[in-house]
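With CSV, C-alpha atoms inside, this is final33.csv:
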chain,number,residue,atom,x,y,z
Y,248,MET,CA,150.0,92.5,2.9
Y,249,ALA,CA,147.1,90.3,3.9
Y,250,TYR,CA,147.5,88.4,0.6
Y,251,SER,CA,151.3,87.7,1.1
Y,252,ALA,CA,150.6,86.6,4.7
Y,253,ALA,CA,148.1,84.1,3.5
Y,254,LYS,CA,150.7,82.6,1.1
Y,255,LYS,CA,153.0,81.4,3.9
Y,256,PRO,CA,153.8,77.7,3.5
Y,257,ARG,CA,151.6,75.6,5.8
Y,258,PRO,CA,151.9,73.5,7.8
Y,259,LYS,CA,154.9,75.0,9.4
Y,260,TYR,CA,157.1,72.5,11.4
Y,261,LEU,CA,158.9,73.8,14.4
Y,262,SER,CA,162.7,73.4,14.3
Y,263,LEU,CA,164.8,73.7,17.4
Y,264,SER,CA,166.0,77.1,16.2
Y,265,ALA,CA,162.3,78.2,15.8
Y,266,ILE,CA,161.6,77.1,19.3
Y,267,LEU,CA,164.7,78.9,20.6
Y,268,PHE,CA,164.7,82.1,18.5
Y,269,GLU,CA,161.5,82.6,16.5
Y,270,ILE,CA,158.7,82.0,19.0
Y,271,ARG,CA,158.6,84.9,21.5
Y,272,LEU,CA,156.8,84.1,24.7
Y,273,PRO,CA,155.0,86.9,26.4
Y,274,LEU,CA,156.3,87.7,29.9
Y,275,ALA,CA,153.4,85.8,31.5
Y,276,GLY,CA,154.5,82.8,29.4
Y,277,TRP,CA,158.1,83.1,30.7
Y,278,VAL,CA,156.7,83.2,34.3
Y,279,SER,CA,154.7,80.1,33.6
Y,280,ILE,CA,157.4,78.0,31.9
Y,281,LEU,CA,159.9,79.1,34.6
Y,282,HIS,CA,157.4,78.0,37.2
Y,283,ARG,CA,157.4,74.6,35.6
Y,284,ALA,CA,161.2,74.4,35.2
Y,285,SER,CA,161.8,75.6,38.8
Y,286,GLY,CA,159.3,73.0,40.0
Y,287,VAL,CA,161.1,70.2,38.3
Y,288,LEU,CA,164.4,71.5,39.6
Y,289,LEU,CA,163.1,71.6,43.1
Y,290,PHE,CA,161.6,68.1,42.8
Y,291,VAL,CA,165.0,66.7,41.8
Y,292,SER,CA,167.0,68.7,44.2
Y,293,THR,CA,165.0,67.7,47.2
Y,294,LEU,CA,167.2,64.7,47.4
Y,295,TRP,CA,170.3,66.9,47.9
Y,296,LEU,CA,168.5,69.3,50.3
Y,297,LEU,CA,167.3,66.4,52.5
Y,298,PHE,CA,170.9,65.0,52.4
Y,299,MET,CA,172.2,68.3,53.8
Y,300,LEU,CA,169.4,68.5,56.4
Y,301,ASP,CA,170.0,65.0,57.5
Y,302,ARG,CA,173.8,65.5,57.9
Y,303,SER,CA,173.5,68.9,59.6
Y,304,LEU,CA,171.1,67.5,62.3
Y,305,ALA,CA,172.8,64.2,62.8
Y,306,SER,CA,175.8,65.3,64.7
Y,307,PRO,CA,178.2,68.3,65.4
Y,308,GLY,CA,180.6,66.7,62.9
Y,309,GLY,CA,177.8,66.5,60.3
Y,310,PHE,CA,176.9,70.1,60.9
Y,311,ASP,CA,180.5,71.2,60.4
Y,312,PHE,CA,180.7,69.1,57.2
Y,313,VAL,CA,177.6,70.8,55.8
Y,314,ARG,CA,178.9,74.2,56.7
Y,315,HIS,CA,182.3,73.5,55.1
Y,316,TYR,CA,180.5,71.9,52.1
Y,317,LEU,CA,178.3,75.0,51.6
Y,318,GLY,CA,181.4,77.2,51.6
Y,319,LEU,CA,182.6,75.6,48.4
Y,320,ALA,CA,182.1,77.9,45.4
Y,321,PRO,CA,180.3,75.4,43.1
Y,322,VAL,CA,178.0,74.3,45.9
Y,323,LYS,CA,177.2,77.9,46.8
Y,324,LEU,CA,176.3,78.5,43.1
Y,325,ALA,CA,174.1,75.4,43.0
Y,326,LEU,CA,172.4,76.5,46.2
Y,327,LEU,CA,171.9,80.0,44.8
Y,328,VAL,CA,170.2,78.5,41.7
Y,329,LEU,CA,167.8,76.6,44.1
Y,330,VAL,CA,167.2,79.7,46.1
Y,331,TRP,CA,166.1,81.5,42.9
Y,332,ALA,CA,164.0,78.4,41.9
Y,333,TYR,CA,162.2,78.5,45.3
Y,334,CYS,CA,161.7,82.3,45.2
Y,335,HIS,CA,160.4,82.2,41.6
Y,336,HIS,CA,158.1,79.2,42.3
Y,337,PHE,CA,156.9,81.0,45.4
Y,338,CYS,CA,156.2,84.4,43.7
Y,339,ALA,CA,154.8,83.0,40.5
Y,340,GLY,CA,152.6,80.6,42.6
Y,341,ILE,CA,151.1,83.6,44.5
Y,342,ARG,CA,150.4,85.3,41.2
Y,343,PHE,CA,148.6,82.1,40.0
Y,344,LEU,CA,146.6,82.0,43.2
Y,345,LEU,CA,145.5,85.6,42.7
Y,346,LEU,CA,144.6,84.9,39.1
Y,347,ASP,CA,142.5,81.9,40.3
Y,348,LEU,CA,140.7,84.4,42.5
Y,349,HIS,CA,140.2,86.6,39.3
Y,350,LYS,CA,142.5,89.3,40.7
Y,351,GLY,CA,144.5,91.1,38.0
Y,352,ILE,CA,143.3,89.1,35.0
Y,353,ASP,CA,143.1,92.1,32.5
Y,354,LYS,CA,146.0,92.2,30.1
Y,355,ALA,CA,147.7,95.3,31.5
Y,356,ARG,CA,147.7,94.1,35.1
Y,357,ALA,CA,148.6,90.5,34.2
Y,358,ARG,CA,151.6,91.8,32.4
Y,359,ALA,CA,152.6,94.1,35.2
Y,360,SER,CA,152.3,91.2,37.7
Y,361,SER,CA,154.4,89.0,35.6
Y,362,ILE,CA,157.2,91.6,35.6
Y,363,ALA,CA,156.7,92.0,39.3
Y,364,VAL,CA,157.2,88.2,39.8
Y,365,LEU,CA,160.4,88.1,37.7
Y,366,VAL,CA,161.8,91.2,39.5
Y,367,ALA,CA,160.7,90.1,43.0
Y,368,SER,CA,162.1,86.6,42.7
Y,369,LEU,CA,165.5,88.0,41.5
Y,370,ALA,CA,165.5,90.6,44.3
Y,371,LEU,CA,164.7,87.9,46.9
Y,372,THR,CA,167.5,85.7,45.5
Y,373,VAL,CA,170.0,88.6,45.8
Y,374,PHE,CA,168.8,89.3,49.3
Y,375,PHE,CA,169.0,85.6,50.5
Y,376,GLY,CA,172.2,85.1,48.6
Y,377,ALA,CA,173.8,88.0,50.3
Y,378,ARG,CA,172.6,86.6,53.7
Y,379,LEU,CA,174.0,83.2,53.0
Y,380,TRP,CA,177.5,84.3,51.9
G,1425,MET,CA,131.5,60.7,27.0
G,1426,VAL,CA,135.0,61.4,28.2
G,1427,LYS,CA,137.5,58.7,27.4
G,1428,ARG,CA,139.0,57.8,30.7
G,1429,ILE,CA,142.6,56.6,30.8
G,1430,VAL,CA,144.5,55.2,33.8
G,1431,VAL,CA,147.3,57.8,33.5
G,1432,GLY,CA,144.9,60.7,33.2
G,1433,ALA,CA,143.9,63.4,35.7
G,1434,HIS,CA,140.8,61.8,37.2
G,1435,TYR,CA,138.9,64.7,35.6
G,1436,GLY,CA,138.2,66.2,39.0
G,1437,LEU,CA,138.7,69.3,41.1
G,1438,ARG,CA,140.4,67.6,44.0
G,1439,ASP,CA,144.0,67.6,42.8
G,1440,TRP,CA,143.7,71.1,41.4
G,1441,LEU,CA,142.4,72.3,44.8
G,1442,ALA,CA,145.0,70.3,46.7
G,1443,GLN,CA,147.8,71.9,44.8
G,1444,ARG,CA,146.5,75.3,45.9
G,1445,VAL,CA,145.8,74.5,49.5
G,1446,THR,CA,149.3,72.8,49.9
G,1447,ALA,CA,150.8,75.9,48.2
G,1448,VAL,CA,149.3,78.1,50.9
G,1449,VAL,CA,150.6,75.7,53.7
G,1450,MET,CA,154.1,75.8,52.2
G,1451,ALA,CA,154.1,79.6,51.8
G,1452,VAL,CA,153.1,80.1,55.5
G,1453,TYR,CA,155.8,77.6,56.7
G,1454,SER,CA,158.4,79.3,54.5
G,1455,ALA,CA,157.6,82.7,55.9
G,1456,ILE,CA,157.7,81.4,59.5
G,1457,VAL,CA,161.1,79.7,58.9
G,1458,VAL,CA,162.6,82.7,57.3
G,1459,VAL,CA,161.5,84.9,60.2
G,1460,VAL,CA,162.7,82.4,62.8
G,1461,LEU,CA,166.1,82.1,61.2
G,1462,MET,CA,166.5,85.9,60.6
G,1463,ILE,CA,165.5,87.1,64.1
G,1464,GLY,CA,167.1,84.2,65.9
G,1465,GLN,CA,170.7,83.7,67.1
G,1466,PRO,CA,173.4,83.0,64.6
G,1467,ILE,CA,173.1,79.4,63.6
G,1468,ASN,CA,175.5,76.9,65.1
G,1469,TYR,CA,174.9,73.2,65.8
G,1470,ALA,CA,173.2,73.6,69.2
G,1471,VAL,CA,170.8,76.3,67.9
G,1472,TRP,CA,170.0,74.3,64.8
G,1473,ARG,CA,169.4,71.0,66.7
G,1474,ASP,CA,167.3,72.7,69.4
G,1475,LEU,CA,165.1,74.4,66.7
G,1476,PHE,CA,164.3,71.0,65.2
G,1477,ALA,CA,163.9,69.4,68.7
G,1478,GLN,CA,160.9,71.5,69.5
G,1479,GLY,CA,157.5,69.8,69.0
G,1480,TRP,CA,155.9,72.6,67.1
G,1481,MET,CA,158.8,72.8,64.6
G,1482,ARG,CA,158.7,69.0,64.0
G,1483,VAL,CA,155.0,69.0,63.4
G,1484,ALA,CA,155.1,72.1,61.2
G,1485,THR,CA,157.9,70.6,59.2
G,1486,LEU,CA,156.0,67.4,58.8
G,1487,LEU,CA,153.0,69.4,57.6
G,1488,PHE,CA,155.3,71.2,55.2
G,1489,ALA,CA,156.8,67.9,54.0
G,1490,ALA,CA,153.3,66.4,53.5
G,1491,SER,CA,152.2,69.5,51.5
G,1492,VAL,CA,155.4,69.3,49.4
G,1493,ALA,CA,154.8,65.7,48.7
G,1494,TRP,CA,151.2,66.2,47.5
G,1495,HIS,CA,152.1,69.3,45.6
G,1496,MET,CA,155.0,67.7,43.9
G,1497,TRP,CA,152.8,64.8,42.8
G,1498,VAL,CA,150.2,67.0,41.2
G,1499,GLY,CA,152.8,69.2,39.5
G,1500,MET,CA,155.0,66.3,38.2
G,1501,ARG,CA,151.9,64.4,37.0
G,1502,ASP,CA,150.7,67.5,35.1
G,1503,ILE,CA,154.1,67.9,33.5
G,1504,LEU,CA,154.2,64.2,32.5
G,1505,MET,CA,150.7,64.4,31.1
G,1506,ASP,CA,151.7,67.3,29.0
G,1507,TYR,CA,155.0,66.1,27.6
G,1508,VAL,CA,155.0,62.2,27.8
G,1509,LYS,CA,152.4,60.7,25.4
G,1510,PRO,CA,153.0,56.9,25.4
G,1511,THR,CA,150.9,55.4,28.2
G,1512,GLY,CA,153.5,52.9,29.3
G,1513,VAL,CA,156.3,55.4,29.6
G,1514,ARG,CA,154.0,57.9,31.3
G,1515,LEU,CA,152.8,55.3,33.8
G,1516,SER,CA,156.4,54.2,34.5
G,1517,ALA,CA,157.5,57.8,35.1
G,1518,GLN,CA,154.5,58.5,37.3
G,1519,VAL,CA,155.2,55.4,39.4
G,1520,LEU,CA,158.9,56.5,39.7
G,1521,VAL,CA,157.8,60.0,40.8
G,1522,LEU,CA,155.5,58.5,43.4
G,1523,LEU,CA,158.2,56.2,44.8
G,1524,VAL,CA,160.7,59.1,45.0
G,1525,ILE,CA,158.1,61.3,46.8
G,1526,ALA,CA,157.3,58.4,49.2
G,1527,GLY,CA,161.1,58.0,49.8
G,1528,TYR,CA,161.5,61.8,50.5
G,1529,LEU,CA,158.6,61.7,53.0
G,1530,GLY,CA,159.9,58.7,54.8
G,1531,TRP,CA,163.4,60.2,55.0
G,1532,THR,CA,162.0,63.5,56.3
G,1533,VAL,CA,160.2,61.6,59.1
G,1534,GLN,CA,163.4,59.8,59.9
G,1535,ILE,CA,165.3,63.0,60.1
G,1536,LEU,CA,162.8,64.8,62.3
G,1537,TRP,CA,162.2,61.9,64.8
G,1538,ARG,CA,165.7,60.5,65.0

Would you mind writing the file out in structure tokens?
Amino acid sequence: MAYSAAKKPRPKYLSLSAILFEIRLPLAGWVSILHRASGVLLFVSTLWLLFMLDRSLASPGGFDFVRHYLGLAPVKLALLVLVWAYCHHFCAGIRFLLLDLHKGIDKARARASSIAVLVASLALTVFFGARLW
Amino acid sequence: MVKRIVVGAHYGLRDWLAQRVTAVVMAVYSAIVVVVLMIGQPINYAVWRDLFAQGWMRVATLLFAASVAWHMWVGMRDILMDYVKPTGVRLSAQVLVLLVIAGYLGWTVQILWR
């Protein structure tokens, strides 16, 4: 077995399908890459969020416009994605702060905390989503 | 000897620490806003406007926005350093990110002190 493993062709170049289907990230890796992705999403979306804050505070008409606008299904869906992005970034960030303080850095607890982040951010998204509807 | 490049990370602790300090500021603000919105009256225009007319809310939101700006800069710069290798492209992207963040911050001030 060890011999056949050593005979694998090297170097191995990563194809898109390898990146998508062959490389399996551990759960902590998913928390990390989703922290990045949600961060970029929030950076870009701040333009949209500031636009809505601006309109909603500008005048009663602007407020009604934003309320109506947020009632549209695609807008609600987009906002829900941002709510998830914020919750995930928040929860994963707290996990990283605790890791920086050397809390829960052994393998078992790090894995447990990554599951907790994924579950908690989804639960918070459902909670805030239900409140927003 | 470390080879220093202009689009690098300045090889220091300050940005790393700033990212964490600003994270705590944003977390505290987020928690306060969620509590205020959940225990307060149903949101209509008057409630919404009065909330942002209060001095403490304006200052807290400005502190939040400043933290967001700094945090975004460190995060976006880290991502650009990881994925964008050509120095010219990376520098251009970093400048673009900084201009966008400055624009966000200016717009926020304009919204808060209209």

Interface list for chain G, partner chain Y, 6 Å threshold, all atoms listed in the file, as a PDB file with C-alpha atoms, in the frame of the given file:
ATOM      1  CA  TYR G1469     174.900  73.200  65.800  1.00  0.00           C
ATOM      2  CA  ARG G1473     169.400  71.000  66.700  1.00  0.00           C
ATOM      3  CA  ILE G1535     165.300  63.000  60.100  1.00  0.00           C
TER       4      ILE G1535
END

Could you state the separation of atom CA of Trp331 of chain Y and atom CA of Gly376 of chain Y in Å, given to one decimal place?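 Atom CA of Gly376 of chain Y lies 9.1 Å from atom CA of Trp331 of chain Y.
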
Pick the closest to Ala339 of chain Y from Y:His282, Y:Arg356, Y:Lys254, Y:Arg271: which is it, counting all atoms listed in the file?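 Checking each of Y:His282, Y:Arg356, Y:Lys254, Y:Arg271 against Ala339 of chain Y, counting all atoms listed in the file, the winner is Y:His282.
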
Would you list the contacts of Arg1501 of chain G as a ChimeraX atom specification, taking every protein, DNA or RNA residue within 10 Å and counting only C-alpha atoms, but skipping same-chain residues closer than 2 positions in sequence? /G:1431-1433,1495-1499,1503-1506,1508,1514-1515,1517-1519,1521-1522

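Distance check against Leu1536 of chain G using only C-alpha atoms: of G:Pro1510, G:Ala1493, G:Ala1484, G:Leu1520, the minimum falls on G:Ala1484.
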
Would you list the contacts of Val278 of chain Y as a ChimeraX atom specification, taking every protein, DNA or RNA residue within 8 Å and counting all atoms listed in the file, but skipping same-chain residues closer than 5 positions in sequence? /Y:339,361,364-365

How many Å lie between atom CA of Trp1531 of chain G and atom CA of Thr1485 of chain G, rounded to one decimal?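 Distance reported for this atom pair: 12.5 Å.
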